[in-house]
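First the structure, in the form of structure tokens, and then the observations on it.
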Amino acid sequence: MGQQAVNGLFLGSIYALFALGYTLVFGVLDILNLAHAAVFMLASFVALVLVSDLHLHLLLALPCTMALAGLLGLLLERVAFRPLRSRADSNVAGLISSLAAATVLEAVALEVFGPNVARFPFGTLPAGDPAHPLHLFGAVVSRLQLTIIGVAVILFLSLTFLVKRTRLGREVRAVAESPRAARVLGVNVDRAIAASFFISSALGGAAGVLYGLAFNSISPDMGRSVELKGLSVIIVGGMGSMPGAVLAGFALGLTEVFVVAHLGGSWRDAVSFAGLFLILVLRPHGLLGAVSPREA
Amino acid sequence: MRPSGRAPAILAFAALVAASPARAADATVKIGACLSLTGPAALYGAQQKAGIQAAVDEVNREGQIPGVKLEVVIEDDASTKEEGIAVYQRFIGRDRVSAILGPTLSNTATAVDPLAQSAKVPVVAISNTAPRGITDIGDYVFRVSLTEGQVIPSALKRAHARLHFGTAGVLYGNDDAFTQAGFGVMRGALEALGVRILGTQTFAKPDRDYNAQLTALIALKPDILVVSALVENAAGIVTQARQLGWRGPILGGNGFNSAAFVGNAGPAAEGVLVGTSWNRSSPDPANQAFLRLMAGRGVEPDQFCAQAYTGVLVIARALAASGGKGGREDLRAALAKVKDLDTPLGRFSFLENRDGNHEPALQEVRDGRFQIAP
């Protein structure tokens, strides 16, 4: 029981981190950035190159990768979203162009890194003494799991601070509320949108690195395994709600683990997505999604 | 008396005349080998090619088929069914081969072996391990490679004799025909040994996280974990099991039987048990001779090499038994009678259903590579 809870939190922290980036861009722009999963995948490869070819320590490679992923996010915003922003159908057009960007990025990764599964070298994270694993409430917790949950929590806290307490965070929230009103109040809307893409992609990149480390399996199609789950996490959490994404991410991780353990692996996705429908019926705006004042 | 100046020439002529009757009778029997030399299965194909060439040279050097010289035509099927069909058509029609050493992949075999069957050309499969759908194609299709259904029960039996496990936890991929079939074989073999299966868990090929399944199985405290998975999943499963603190034995199906598994799982692979058709360290003279022969050719042989080598020996034995008649029908009849042939794989016979039969072995990962378990 305790062990499964640890497994669920471990998986959930990666889902939550991934979904945070999704929900941030959605909250600001009302656009689903489907290239998020491709950023997740590319970041994993970038970290692999930094660690295995340039021999950077992982804790140094992680912020470097997040910065590079953030820059990729800026590029995506400039190429795939900004040119469409003035169109009346910018939401749908943006969705399609992000899907196109995802396809391009995946093809690039396939060309550069090949279709085979790549791995971090052994000992990227010290595994600790296998004869004496860490015990916590009767569960075995590996140093890898602790590192991943720890990094995820640090990133949640920093993001919350950034959004709630800084000028940039206030600008991003203002744009999310109403771009026009924000502009009237002197907010540089383009800059706020670019910033949210940077942060979103950096978080997605961090999730990619942690996923690659957690399961030591990096391939050009790895984004697909989290893409749909990330979407259902932000829907359950309440579109655009960051605490909701974190909560729903952990909830999904725990649900999956317990379904696998008690009903069997084949039921995992079926039960998880049935739960998604159930929540949408009971709480159409998600767990923490507020009814937007513009709609109310 | 001084020998005549012409004597050496006469002697040489006499020698030539004496030798010539044998030479004149030397017929050539041509066989085709359809191998995956490019594409995803190219690693297997390269080993098979080396094994076949070595065996053909050896058969001819030793004169294993009196009065007959064996000739082999090797062609590449690019690991695809389409190319395989083209190769088979050339073998059957253009090269008029007496027999075909079957394609590297089971998948290709299901498409091409029916062509040989309908043309009545004997096929000897050297690496197809799918339990069904190969020798079922017809009475011209033979197989040297053991199926999953032959290797896994033997591996479990040997592991049981060594470790005396009474209970097992089973994990298998339920979205793949091979891993699912492997699970069926494992379950039957465990039941036959009187081992109680405490729990069964499943995963799908794209999965990367097996912690939930493994935690549930480990919580049941089985004596052994038995896993049917393809190589990509296998490495992840073993690594995560060790991370979760599982220190008991793990036995894998044929998907584990690859150097890539050991490379990807690294230290976690140590101690993992896997069945194999070829016991590299067998002291049998036939195996030792094979190892010396391959070492002399600069090849580090694997199971695929040994099976391909054996395929040629089997055909040579059949040809010798049929008096060197290379006719396709003669050869088919003679193949069916191959029995107790000493090969690198052990003492080899064909079963009633034309599947091969010999004693499989159990290997264990030690010091980063597969070694035969005692």
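Note on naming: chains are A, B, ... as they come in the structure tokens, residues start from 1 per chain, ligands start from 1 in the order shown.
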Extract, using only C-alpha atoms, all DNA, RNA and protein residues at most 10 Å from A:Ala270, discarding same-chain residues fewer than 5 positions from it, and format them as a tab-separated table (two decimals) with N, CA and C atoms, in the first residue's frame.
chain	number	residue	atom	x	y	z
A	256	GLU	N	-3.77	5.50	-11.58
A	256	GLU	CA	-3.19	4.51	-12.50
A	256	GLU	C	-2.53	3.38	-11.74
A	259	VAL	N	-5.10	1.15	-10.01
A	259	VAL	CA	-5.86	0.34	-10.96
A	259	VAL	C	-5.00	-0.83	-11.46
A	265	GLY	N	-3.15	-4.41	-15.56
A	265	GLY	CA	-2.61	-3.39	-16.44
A	265	GLY	C	-3.53	-2.98	-17.58
A	275	GLY	N	-12.78	7.91	-15.30
A	275	GLY	CA	-12.76	8.88	-14.21
A	275	GLY	C	-12.84	10.31	-14.74
A	276	LEU	N	-12.15	10.54	-15.86
A	276	LEU	CA	-12.18	11.86	-16.49
A	276	LEU	C	-13.62	12.25	-16.84
Chain B residues within 6 Å of chain A, counting only C-alpha atoms: which ones, as a PDB file with C-alpha atoms, in the first residue's frame?
ATOM      1  CA  THR B 202       0.246  -7.381 -17.481  1.00  0.00           C
ATOM      2  CA  PHE B 203       1.693  -4.413 -19.329  1.00  0.00           C
ATOM      3  CA  ARG B 208       7.745   2.466 -19.544  1.00  0.00           C
ATOM      4  CA  ALA B 212       2.799  -0.647  -9.944  1.00  0.00           C
ATOM      5  CA  GLN B 213       2.782  -4.163 -11.408  1.00  0.00           C
ATOM      6  CA  ALA B 216       1.896  -5.720  -6.465  1.00  0.00           C
TER       7      ALA B 216
END
Write out as JSON lines a residue-level contact list of stretch 21-69 of chain B versus stretch 111-134 of chain B with cut-off 12 Å: for each qualifying residue the closest pair of atoms and the distance in Å to one decimal, counting only C-alpha atoms, rows sorted by chain and residue number upward.
{"residue": "B:Ile31", "atom": "CA", "partner": "B:Val123", "partner_atom": "CA", "distance": 9.8}
{"residue": "B:Gly32", "atom": "CA", "partner": "B:Val123", "partner_atom": "CA", "distance": 9.4}
{"residue": "B:Ala33", "atom": "CA", "partner": "B:Val124", "partner_atom": "CA", "distance": 9.4}
{"residue": "B:Cys34", "atom": "CA", "partner": "B:Ala125", "partner_atom": "CA", "distance": 9.9}
{"residue": "B:Leu35", "atom": "CA", "partner": "B:Ile126", "partner_atom": "CA", "distance": 9.9}
{"residue": "B:Ser36", "atom": "CA", "partner": "B:Ser127", "partner_atom": "CA", "distance": 11.0}
{"residue": "B:Ala41", "atom": "CA", "partner": "B:Ser127", "partner_atom": "CA", "distance": 11.2}
{"residue": "B:Tyr44", "atom": "CA", "partner": "B:Ser127", "partner_atom": "CA", "distance": 8.9}
{"residue": "B:Gly45", "atom": "CA", "partner": "B:Ser127", "partner_atom": "CA", "distance": 9.7}
{"residue": "B:Gln47", "atom": "CA", "partner": "B:Ser127", "partner_atom": "CA", "distance": 11.1}
{"residue": "B:Gln48", "atom": "CA", "partner": "B:Ile126", "partner_atom": "CA", "distance": 8.4}
{"residue": "B:Lys49", "atom": "CA", "partner": "B:Ile126", "partner_atom": "CA", "distance": 11.2}
{"residue": "B:Gly51", "atom": "CA", "partner": "B:Ile126", "partner_atom": "CA", "distance": 10.7}
{"residue": "B:Ile52", "atom": "CA", "partner": "B:Ile126", "partner_atom": "CA", "distance": 10.2}
Selection export as a PDB file, in the first residue's frame, atoms kept: N, CA and C atoms:
ATOM      1  N   ILE B  31      21.994 -25.200 -52.763  1.00  0.00           N
ATOM      2  CA  ILE B  31      20.943 -24.797 -51.822  1.00  0.00           C
ATOM      3  C   ILE B  31      20.927 -23.268 -51.726  1.00  0.00           C
ATOM      4  N   GLY B  32      19.775 -22.728 -51.407  1.00  0.00           N
ATOM      5  CA  GLY B  32      19.635 -21.272 -51.270  1.00  0.00           C
ATOM      6  C   GLY B  32      19.493 -20.905 -49.812  1.00  0.00           C
ATOM      7  N   ALA B  33      20.011 -19.735 -49.437  1.00  0.00           N
ATOM      8  CA  ALA B  33      19.819 -19.234 -48.069  1.00  0.00           C
ATOM      9  C   ALA B  33      19.243 -17.833 -48.152  1.00  0.00           C
ATOM     10  N   CYS B  34      18.047 -17.671 -47.610  1.00  0.00           N
ATOM     11  CA  CYS B  34      17.359 -16.376 -47.650  1.00  0.00           C
ATOM     12  C   CYS B  34      17.546 -15.719 -46.282  1.00  0.00           C
ATOM     13  N   LEU B  35      18.444 -14.742 -46.166  1.00  0.00           N
ATOM     14  CA  LEU B  35      18.802 -14.168 -44.871  1.00  0.00           C
ATOM     15  C   LEU B  35      18.537 -12.668 -44.833  1.00  0.00           C
ATOM     16  N   SER B  36      18.310 -12.144 -43.625  1.00  0.00           N
ATOM     17  CA  SER B  36      18.145 -10.701 -43.454  1.00  0.00           C
ATOM     18  C   SER B  36      19.520 -10.082 -43.247  1.00  0.00           C
ATOM     19  N   ALA B  41      16.810  -6.838 -38.828  1.00  0.00           N
ATOM     20  CA  ALA B  41      17.300  -8.133 -38.360  1.00  0.00           C
ATOM     21  C   ALA B  41      18.709  -8.428 -38.869  1.00  0.00           C
ATOM     22  N   TYR B  44      21.259 -10.508 -36.866  1.00  0.00           N
ATOM     23  CA  TYR B  44      21.061 -11.948 -36.892  1.00  0.00           C
ATOM     24  C   TYR B  44      21.590 -12.518 -38.200  1.00  0.00           C
ATOM     25  N   GLY B  45      21.257 -11.841 -39.315  1.00  0.00           N
ATOM     26  CA  GLY B  45      21.607 -12.326 -40.645  1.00  0.00           C
ATOM     27  C   GLY B  45      23.115 -12.490 -40.818  1.00  0.00           C
ATOM     28  N   GLN B  47      25.345 -13.186 -38.557  1.00  0.00           N
ATOM     29  CA  GLN B  47      25.774 -14.393 -37.843  1.00  0.00           C
ATOM     30  C   GLN B  47      25.395 -15.646 -38.633  1.00  0.00           C
ATOM     31  N   GLN B  48      24.187 -15.619 -39.209  1.00  0.00           N
ATOM     32  CA  GLN B  48      23.723 -16.791 -39.955  1.00  0.00           C
ATOM     33  C   GLN B  48      24.586 -17.035 -41.182  1.00  0.00           C
ATOM     34  N   LYS B  49      24.926 -15.937 -41.872  1.00  0.00           N
ATOM     35  CA  LYS B  49      25.747 -16.054 -43.077  1.00  0.00           C
ATOM     36  C   LYS B  49      27.087 -16.692 -42.735  1.00  0.00           C
ATOM     37  N   GLY B  51      27.807 -18.626 -40.229  1.00  0.00           N
ATOM     38  CA  GLY B  51      27.618 -20.026 -39.861  1.00  0.00           C
ATOM     39  C   GLY B  51      27.412 -20.909 -41.078  1.00  0.00           C
ATOM     40  N   ILE B  52      26.625 -20.429 -42.044  1.00  0.00           N
ATOM     41  CA  ILE B  52      26.329 -21.226 -43.238  1.00  0.00           C
ATOM     42  C   ILE B  52      27.589 -21.428 -44.074  1.00  0.00           C
TER      43      ILE B  52
END
Long-range neighbours of A:Ala206 as a list of chain:residue names, 8 Å cut-off, only C-alpha atoms, 5 positions minimum in chain: A:Leu17, A:Phe40, A:Ala43, A:Leu62, A:Thr65, A:Met66
All residues 10 Å or closer to B:Lys221, only C-alpha atoms, same chain fewer than 2 positions away omitted, as a list in words: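 The neighbour list is Thr167, Ala168, Gly169, Leu198, Gly199, Ala216, Leu217, Ile218, Ala219, Asp223, Ile224, Leu225, Trp246 and Gly248 of chain B.
For the residues A:Val79, A:Leu34, A:Met41, A:Leu157, ranking by smallest atom-to-atom distance to A:Val92 using only C-alpha atoms places A:Leu34 first.
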B:Phe256 surroundings by only C-alpha atoms, 8 Å radius, close-in-sequence under 4 positions cut, as a list in words: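 Those residues are Ala229, Leu230, Val231, Ala234, Gly252, Phe261 and Val274 of chain B.
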For the residues in the current selection, export N, CA and C atoms as a JSON list (two decimals), in the first residue's frame.
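See selection.json below for the written result:
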[["chain", "number", "residue", "atom", "x", "y", "z"],
["B", 229, "ALA", "N", 8.52, -10.77, -21.99],
["B", 229, "ALA", "CA", 8.55, -9.40, -22.52],
["B", 229, "ALA", "C", 9.51, -9.32, -23.69],
["B", 230, "LEU", "N", 9.29, -8.34, -24.59],
["B", 230, "LEU", "CA", 10.25, -8.06, -25.65],
["B", 230, "LEU", "C", 11.42, -7.30, -25.04],
["B", 231, "VAL", "N", 12.51, -7.23, -25.79],
["B", 231, "VAL", "CA", 13.77, -6.77, -25.21],
["B", 231, "VAL", "C", 13.68, -5.35, -24.64],
["B", 234, "ALA", "N", 11.90, -5.55, -21.40],
["B", 234, "ALA", "CA", 12.60, -6.43, -20.46],
["B", 234, "ALA", "C", 13.60, -5.66, -19.62],
["B", 252, "GLY", "N", 13.43, -14.89, -17.61],
["B", 252, "GLY", "CA", 12.79, -14.23, -18.74],
["B", 252, "GLY", "C", 12.57, -15.16, -19.91],
["B", 261, "PHE", "N", 19.69, -6.62, -24.24],
["B", 261, "PHE", "CA", 19.05, -6.64, -22.92],
["B", 261, "PHE", "C", 20.10, -6.41, -21.84],
["B", 274, "VAL", "N", 17.74, -16.97, -18.44],
["B", 274, "VAL", "CA", 17.04, -17.04, -19.72],
["B", 274, "VAL", "C", 17.37, -18.38, -20.38]]
10 Å contact set for B:Thr38, only C-alpha atoms, chain neighbours under 6 positions out, as an MDAnalysis selection string: chainID B and resid 44:46 76:80
Within 10 Å of A:Val153 using only C-alpha atoms, minus same-chain residues under 6 positions, as number ranges by chain: A: 13, 16-17, 147, 159, 246
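Each of B:Ala55, B:Gly102, B:Leu351, B:Ala181 was compared to B:Ala289 using only C-alpha atoms, and B:Ala55 turns out to be the nearest.
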